[in-house]
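Below is one structure; the comments refer to it alone.
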Amino acid sequence: MTTLITIYSILITILAYFIGRKIYAKHPSPFTTPVFFSTVTIILVLLISGLDFNDYSTGKDIITYFLGPATVALAVPLYKNRTIIVKYGIPAISGMILGLTVTLILAFVIANAFSLPQFILQGLAVKSITVPIAVEITELYGGNPNVSAAFVILTGVLGTMIAPRMMDKLNITMPFARGIAYGTIAHGLGTAQAAQESEFTGAVAGAAMAIAGILISCFFPLIDNFL
Amino acid sequence: MKKSFTFIMQLLMLLILCKLGYYLSDHLQLPIPGNVIGMILLFILLQTRILKVEWIELTSGFLVKHLAFFFIPISISLMTMGWLFIKFGLPLALTLGVSLIFGFIVSAWTVQKLSHRGEVKQHDNAHYHL
């Protein structure tokens with residue numbers, strides 16, 4: 001029975017994702033972004049099937065196991081675009097460092113203004129980097145990995161929902177700049193969104209996400225001092 | 001058939017690099033997570049031409065293209081985090097939303113401005129290819 005539930009969980013996840021992609025391609029809107037659509041659909045299907053998160057968790061572990069190799073695979077877009085990234089290295093790294101600094105300082109300032117507890121601040125510190133890296137860092141520094149993962153996902157989903165139209169309005173049209181921002185601030189979900197815009201934007205976002213992950217990993221001892 | 005064999009072999013290669021990354025991270029007590037070390041290792045292997053990009057491209061391309069898929073189960077775990085949002089919903093929404101919007105603007109705007117400044121005069125159209 002448990003095996004059946006696991007297979008069922010994996011199948012509904014794959015199905016929801018592919019339907020989500022199809023719908024988004026036809027009707028792009030903040031509410032049809034594949035991850036948002038799939039999440040809502042799967043939660044509803046689980047509830048209708050009388051299942052809870054515990055039943056789903058074995059399927060979840062199997063799928064997320066592949067986030068490890070998927071993270072390693074990011075070396076490929078990084079490698080393929082190394083010439084252009086090196087050529088525009090200074091603008092790219094400035095944008096990444098400034099973007100990460102602004103998003104982290106704002107998050108800490110607002111969280112402090114509401115006197116949110118310490119475990120939330122720890123989660124916020126990694127909210128812009130991809131889940132596998134964020135979870136690892138939180139575990140290394142003794143935070144709550146579930147809270148971190150929740151913030152990372154929310155940041156990614158919000159990013160793919162808000163950012164495309166916002167950047168259009170602000171006349172940020174350069175695919176290289178958009179790719180860097182997607183990857184730096186909205187990690188894997190941003191990268192997926194960037195890839196919908198163009199293959200090049202997606203590759204740049206993948207590289208930016210990888211570099212942002214490395215930057216935050218390396219500077220985390222420093223960030224940790226502010227928590 | 002041949003394609004699925006190639007896919008699985010490349011996936012194994014990525015898994016081995018990932019495991020190796022975790023092993024190095026543990027044993028050298030590096031502050032960087034194992035999967036990032038795995039990524040750096042793969043980059044070095046590609047850069048030094050020990051590994052050709054064609055040998056890893058099929059599976060890597062697939063995983064990167066469908067990266068969003070692997071996040072879906074994690075976002076399902078939000079269904080267990082109701083307490084967090086009931087307790088801190090509005091402040092959290094503000095914190096995440098505002099910091100996200102300004103992070104995006106600053107990051108994208110900085111890259112766009114700095115790349116234009118150097119390029120725009122010499123090669124009028126060069127940056128449109130970017």
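Following the order of the structure tokens, chains are lettered A, B, ..., residues in each are numbered from 1, and ligands are numbered from 1.
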
Practice prompt. Can you check which residues of stretch 21-63 of chain A DSSP gives as helix (DSSP H, G or I) on the backbone and send them as JSON, numbers by chain?
Written response: {"A": [21, 22, 23, 24, 25, 26, 30, 31, 32, 34, 35, 36, 37, 38, 39, 40, 41, 42, 43, 44, 45, 46, 47, 48, 53, 54, 55, 56, 57, 58, 59, 60, 61, 62, 63]}

Output N, CA, C and O atoms for every residue in that selection, as a CSV table (one decimal), in the first residue's frame.
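Resulting contents of part_30.csv:
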chain,number,residue,atom,x,y,z
A,21,ARG,N,3.1,23.2,-17.2
A,21,ARG,CA,3.9,23.7,-18.3
A,21,ARG,C,3.1,24.0,-19.6
A,21,ARG,O,3.2,25.1,-20.2
A,22,LYS,N,2.2,23.1,-19.9
A,22,LYS,CA,1.3,23.3,-21.1
A,22,LYS,C,0.4,24.5,-20.9
A,22,LYS,O,0.3,25.4,-21.8
A,23,ILE,N,-0.2,24.6,-19.7
A,23,ILE,CA,-1.1,25.8,-19.5
A,23,ILE,C,-0.3,27.1,-19.5
A,23,ILE,O,-0.8,28.1,-20.1
A,24,TYR,N,0.9,27.1,-18.9
A,24,TYR,CA,1.6,28.3,-18.8
A,24,TYR,C,2.1,28.7,-20.2
A,24,TYR,O,2.0,29.9,-20.6
A,25,ALA,N,2.4,27.8,-21.1
A,25,ALA,CA,2.8,28.1,-22.5
A,25,ALA,C,1.7,28.8,-23.2
A,25,ALA,O,1.9,29.7,-24.0
A,26,LYS,N,0.4,28.3,-22.9
A,26,LYS,CA,-0.7,28.9,-23.6
A,26,LYS,C,-1.2,30.2,-23.0
A,26,LYS,O,-1.5,31.1,-23.7
A,30,PRO,N,0.7,35.1,-13.7
A,30,PRO,CA,1.3,34.7,-12.4
A,30,PRO,C,0.8,33.4,-11.8
A,30,PRO,O,1.5,32.7,-11.1
A,31,PHE,N,-0.5,33.1,-12.0
A,31,PHE,CA,-1.2,32.0,-11.4
A,31,PHE,C,-1.0,30.7,-12.2
A,31,PHE,O,-1.5,29.7,-11.7
A,32,THR,N,-0.4,30.8,-13.4
A,32,THR,CA,-0.2,29.5,-14.1
A,32,THR,C,1.2,29.2,-14.1
A,32,THR,O,1.6,28.2,-14.8
A,34,PRO,N,4.3,27.1,-13.6
A,34,PRO,CA,4.2,25.7,-13.3
A,34,PRO,C,4.3,25.3,-11.8
A,34,PRO,O,3.5,24.4,-11.4
A,35,VAL,N,5.2,25.9,-11.1
A,35,VAL,CA,5.3,25.4,-9.7
A,35,VAL,C,4.1,25.8,-8.9
A,35,VAL,O,3.6,25.0,-8.1
A,36,PHE,N,3.7,27.0,-9.1
A,36,PHE,CA,2.5,27.5,-8.3
A,36,PHE,C,1.3,26.6,-8.6
A,36,PHE,O,0.6,26.1,-7.7
A,37,PHE,N,1.1,26.5,-9.9
A,37,PHE,CA,-0.1,25.7,-10.4
A,37,PHE,C,0.0,24.2,-9.8
A,37,PHE,O,-1.0,23.7,-9.3
A,38,SER,N,1.2,23.6,-10.0
A,38,SER,CA,1.3,22.2,-9.6
A,38,SER,C,1.2,22.1,-8.1
A,38,SER,O,0.5,21.1,-7.6
A,39,THR,N,1.7,23.0,-7.3
A,39,THR,CA,1.6,22.9,-5.9
A,39,THR,C,0.2,22.9,-5.4
A,39,THR,O,-0.3,22.1,-4.7
A,40,VAL,N,-0.6,23.9,-5.9
A,40,VAL,CA,-2.0,24.0,-5.5
A,40,VAL,C,-2.7,22.8,-6.0
A,40,VAL,O,-3.5,22.2,-5.2
A,41,THR,N,-2.5,22.3,-7.2
A,41,THR,CA,-3.2,21.1,-7.7
A,41,THR,C,-2.9,19.9,-6.9
A,41,THR,O,-3.8,19.2,-6.5
A,42,ILE,N,-1.6,19.7,-6.6
A,42,ILE,CA,-1.2,18.5,-5.9
A,42,ILE,C,-1.8,18.5,-4.5
A,42,ILE,O,-2.3,17.5,-4.0
A,43,ILE,N,-1.7,19.6,-3.8
A,43,ILE,CA,-2.3,19.7,-2.5
A,43,ILE,C,-3.8,19.4,-2.5
A,43,ILE,O,-4.3,18.6,-1.7
A,44,LEU,N,-4.5,19.9,-3.5
A,44,LEU,CA,-5.9,19.6,-3.6
A,44,LEU,C,-6.2,18.1,-3.9
A,44,LEU,O,-7.0,17.5,-3.2
A,45,VAL,N,-5.4,17.6,-4.8
A,45,VAL,CA,-5.5,16.1,-5.2
A,45,VAL,C,-5.3,15.3,-3.9
A,45,VAL,O,-6.0,14.3,-3.7
A,46,LEU,N,-4.2,15.6,-3.2
A,46,LEU,CA,-3.9,14.8,-2.0
A,46,LEU,C,-5.0,14.9,-1.0
A,46,LEU,O,-5.5,13.9,-0.4
A,47,LEU,N,-5.6,16.1,-0.8
A,47,LEU,CA,-6.7,16.2,0.2
A,47,LEU,C,-7.9,15.5,-0.3
A,47,LEU,O,-8.5,14.8,0.5
A,48,ILE,N,-8.2,15.5,-1.6
A,48,ILE,CA,-9.4,14.8,-2.1
A,48,ILE,C,-9.2,13.3,-2.0
A,48,ILE,O,-10.1,12.6,-1.7
A,53,PHE,N,0.5,15.0,4.2
A,53,PHE,CA,1.9,15.2,3.7
A,53,PHE,C,2.8,14.0,4.1
A,53,PHE,O,3.7,13.7,3.3
A,54,ASN,N,2.5,13.3,5.2
A,54,ASN,CA,3.3,12.1,5.5
A,54,ASN,C,3.2,11.1,4.5
A,54,ASN,O,4.2,10.4,4.2
A,55,ASP,N,2.0,10.9,3.9
A,55,ASP,CA,1.9,9.9,2.8
A,55,ASP,C,2.7,10.3,1.6
A,55,ASP,O,3.2,9.5,0.9
A,56,TYR,N,2.8,11.6,1.4
A,56,TYR,CA,3.5,12.1,0.2
A,56,TYR,C,5.0,12.1,0.3
A,56,TYR,O,5.7,12.1,-0.6
A,57,SER,N,5.5,12.0,1.6
A,57,SER,CA,6.9,12.4,1.9
A,57,SER,C,7.9,11.4,1.3
A,57,SER,O,9.0,11.8,0.9
A,58,THR,N,7.5,10.1,1.1
A,58,THR,CA,8.4,9.1,0.5
A,58,THR,C,8.7,9.5,-1.0
A,58,THR,O,9.8,9.6,-1.5
A,59,GLY,N,7.5,9.8,-1.7
A,59,GLY,CA,7.6,10.3,-3.0
A,59,GLY,C,8.5,11.6,-3.1
A,59,GLY,O,9.3,11.7,-4.0
A,60,LYS,N,8.2,12.4,-2.2
A,60,LYS,CA,9.0,13.7,-2.1
A,60,LYS,C,10.5,13.4,-2.0
A,60,LYS,O,11.3,14.0,-2.8
A,61,ASP,N,10.9,12.5,-1.1
A,61,ASP,CA,12.3,12.2,-0.9
A,61,ASP,C,12.9,11.7,-2.2
A,61,ASP,O,14.1,12.0,-2.5
A,62,ILE,N,12.2,10.8,-2.9
A,62,ILE,CA,12.7,10.2,-4.2
A,62,ILE,C,13.0,11.4,-5.2
A,62,ILE,O,14.0,11.4,-5.8
A,63,ILE,N,12.0,12.2,-5.4
A,63,ILE,CA,12.2,13.3,-6.4
A,63,ILE,C,13.3,14.3,-6.0
A,63,ILE,O,14.1,14.6,-6.8

Worksheet item: Skipping near chain neighbours, those fewer than 2 positions away, what residues fall within 7 Å of stretch 33-49 of chain B using only C-alpha atoms, listed as a list of chain:residue names?
Response: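 Skipping anything fewer than 2 positions along the chain leaves A:Gly68, A:Thr71, A:Val72, A:Ala73, A:Leu74, A:Ala75, A:Tyr79, A:Ile133, A:Glu136, A:Ile137, A:Ile214, B:Leu17, B:Cys18, B:Leu20, B:Gly21, B:Tyr22, B:Ser25, B:Pro31, B:Leu51, B:Lys52, B:Val53.
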
Those residues you just picked out, can you put them in a file as a compact mmCIF listing (two decimals), in the first residue's frame with C-alpha atoms?
# COMPACT_ATOMS: atom_id res chain seq x y z
CA GLY A 68 21.80 16.86 -5.87
CA THR A 71 22.73 21.13 -8.83
CA VAL A 72 25.96 19.55 -10.09
CA ALA A 73 24.56 19.78 -13.64
CA LEU A 74 24.50 23.58 -13.31
CA ALA A 75 28.22 23.46 -14.05
CA TYR A 79 30.85 26.29 -18.54
CA ILE A 133 22.36 24.66 -1.02
CA GLU A 136 22.77 22.36 3.53
CA ILE A 137 23.90 25.75 4.85
CA ILE A 214 28.76 29.73 -3.96
CA LEU B 17 30.38 13.83 -8.63
CA CYS B 18 27.70 14.85 -6.14
CA LEU B 20 32.35 13.00 -4.13
CA GLY B 21 31.46 16.61 -3.35
CA TYR B 22 29.75 15.56 -0.10
CA SER B 25 32.96 18.71 2.12
CA PRO B 31 32.07 25.55 4.73
CA LEU B 51 35.57 15.67 -19.48
CA LYS B 52 33.97 16.75 -22.73
CA VAL B 53 30.75 18.70 -22.42

Worksheet item: Could you name the residues that touch stretch 109-111 of chain B at 9 Å or less, counting only C-alpha atoms, but leaving out those on the same chain fewer than 2 positions away, as an MDAnalysis selection string?
Response: (chainID A and resid 88 90:96 98:99 170 172 174 176:178 180:181) or (chainID B and resid 104:107 113:116)

Could those selected residues go to a file with N, CA, C and O atoms, as a short mmCIF file (atom, residue, chain, number, x, y, z; two decimals), in the first residue's frame?
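File produced: out_24.cif:
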data_model
loop_
_atom_site.label_atom_id
_atom_site.label_comp_id
_atom_site.auth_asym_id
_atom_site.auth_seq_id
_atom_site.Cartn_x
_atom_site.Cartn_y
_atom_site.Cartn_z
N TYR A 88 31.48 39.96 -19.37
CA TYR A 88 30.64 40.88 -18.61
C TYR A 88 30.74 40.56 -17.13
O TYR A 88 29.77 40.75 -16.38
N ILE A 90 32.39 41.92 -14.60
CA ILE A 90 32.27 43.00 -13.61
C ILE A 90 30.80 43.43 -13.44
O ILE A 90 30.31 43.43 -12.30
N PRO A 91 30.07 43.74 -14.54
CA PRO A 91 28.65 44.06 -14.35
C PRO A 91 27.89 42.91 -13.68
O PRO A 91 27.08 43.15 -12.77
N ALA A 92 28.20 41.67 -14.10
CA ALA A 92 27.44 40.54 -13.56
C ALA A 92 27.67 40.38 -12.06
O ALA A 92 26.72 40.30 -11.28
N ILE A 93 28.94 40.38 -11.65
CA ILE A 93 29.22 40.13 -10.24
C ILE A 93 28.76 41.33 -9.38
O ILE A 93 28.27 41.14 -8.27
N SER A 94 28.86 42.56 -9.95
CA SER A 94 28.37 43.74 -9.20
C SER A 94 26.87 43.61 -8.99
O SER A 94 26.36 43.86 -7.88
N GLY A 95 26.15 43.24 -10.05
CA GLY A 95 24.70 43.08 -9.95
C GLY A 95 24.33 42.02 -8.93
O GLY A 95 23.39 42.18 -8.15
N MET A 96 25.10 40.92 -8.94
CA MET A 96 24.77 39.84 -8.02
C MET A 96 25.03 40.24 -6.58
O MET A 96 24.18 40.03 -5.70
N LEU A 98 25.36 43.33 -5.27
CA LEU A 98 24.45 44.39 -4.83
C LEU A 98 23.04 43.84 -4.60
O LEU A 98 22.40 44.17 -3.60
N GLY A 99 22.56 43.02 -5.55
CA GLY A 99 21.22 42.46 -5.43
C GLY A 99 21.06 41.63 -4.17
O GLY A 99 20.09 41.79 -3.42
N LEU A 170 9.91 48.35 -15.90
CA LEU A 170 11.07 49.19 -15.59
C LEU A 170 12.05 49.25 -16.75
O LEU A 170 13.15 49.77 -16.61
N ILE A 172 13.78 46.94 -18.15
CA ILE A 172 14.97 46.09 -18.06
C ILE A 172 14.76 44.98 -19.10
O ILE A 172 14.06 44.00 -18.85
N MET A 174 17.39 43.80 -21.31
CA MET A 174 18.58 43.08 -21.72
C MET A 174 18.55 41.65 -21.15
O MET A 174 18.56 41.47 -19.93
N PHE A 176 20.71 39.39 -20.73
CA PHE A 176 21.80 39.07 -19.80
C PHE A 176 21.47 39.58 -18.39
O PHE A 176 21.62 38.87 -17.40
N ALA A 177 20.98 40.84 -18.32
CA ALA A 177 20.65 41.44 -17.02
C ALA A 177 19.48 40.70 -16.37
O ALA A 177 19.49 40.42 -15.16
N ARG A 178 18.47 40.36 -17.16
CA ARG A 178 17.30 39.65 -16.62
C ARG A 178 17.73 38.28 -16.09
O ARG A 178 17.33 37.86 -15.00
N ILE A 180 20.68 37.30 -15.01
CA ILE A 180 21.44 37.42 -13.75
C ILE A 180 20.49 37.64 -12.58
O ILE A 180 20.60 36.99 -11.54
N ALA A 181 19.51 38.53 -12.75
CA ALA A 181 18.58 38.82 -11.65
C ALA A 181 17.73 37.59 -11.30
O ALA A 181 17.58 37.26 -10.13
N PHE B 104 15.55 42.24 -6.95
CA PHE B 104 15.44 42.07 -8.40
C PHE B 104 15.82 43.35 -9.14
O PHE B 104 16.62 43.33 -10.08
N ILE B 105 15.21 44.46 -8.72
CA ILE B 105 15.43 45.72 -9.43
C ILE B 105 16.91 46.09 -9.38
O ILE B 105 17.52 46.38 -10.41
N VAL B 106 17.50 46.05 -8.17
CA VAL B 106 18.90 46.47 -8.02
C VAL B 106 19.82 45.57 -8.84
O VAL B 106 20.69 46.04 -9.58
N SER B 107 19.57 44.27 -8.77
CA SER B 107 20.44 43.34 -9.47
C SER B 107 20.36 43.54 -10.99
O SER B 107 21.38 43.76 -11.66
N LYS B 113 22.89 48.64 -16.55
CA LYS B 113 23.57 49.94 -16.64
C LYS B 113 25.07 49.74 -16.88
O LYS B 113 25.65 50.37 -17.76
N LEU B 114 25.70 48.87 -16.08
CA LEU B 114 27.15 48.71 -16.20
C LEU B 114 27.54 48.10 -17.54
O LEU B 114 28.57 48.47 -18.11
N SER B 115 26.74 47.19 -18.08
CA SER B 115 27.12 46.60 -19.37
C SER B 115 26.95 47.61 -20.50
O SER B 115 27.72 47.60 -21.44
N HIS B 116 25.95 48.45 -20.40
CA HIS B 116 25.74 49.46 -21.45
C HIS B 116 26.85 50.49 -21.47
O HIS B 116 27.31 50.87 -22.52
#
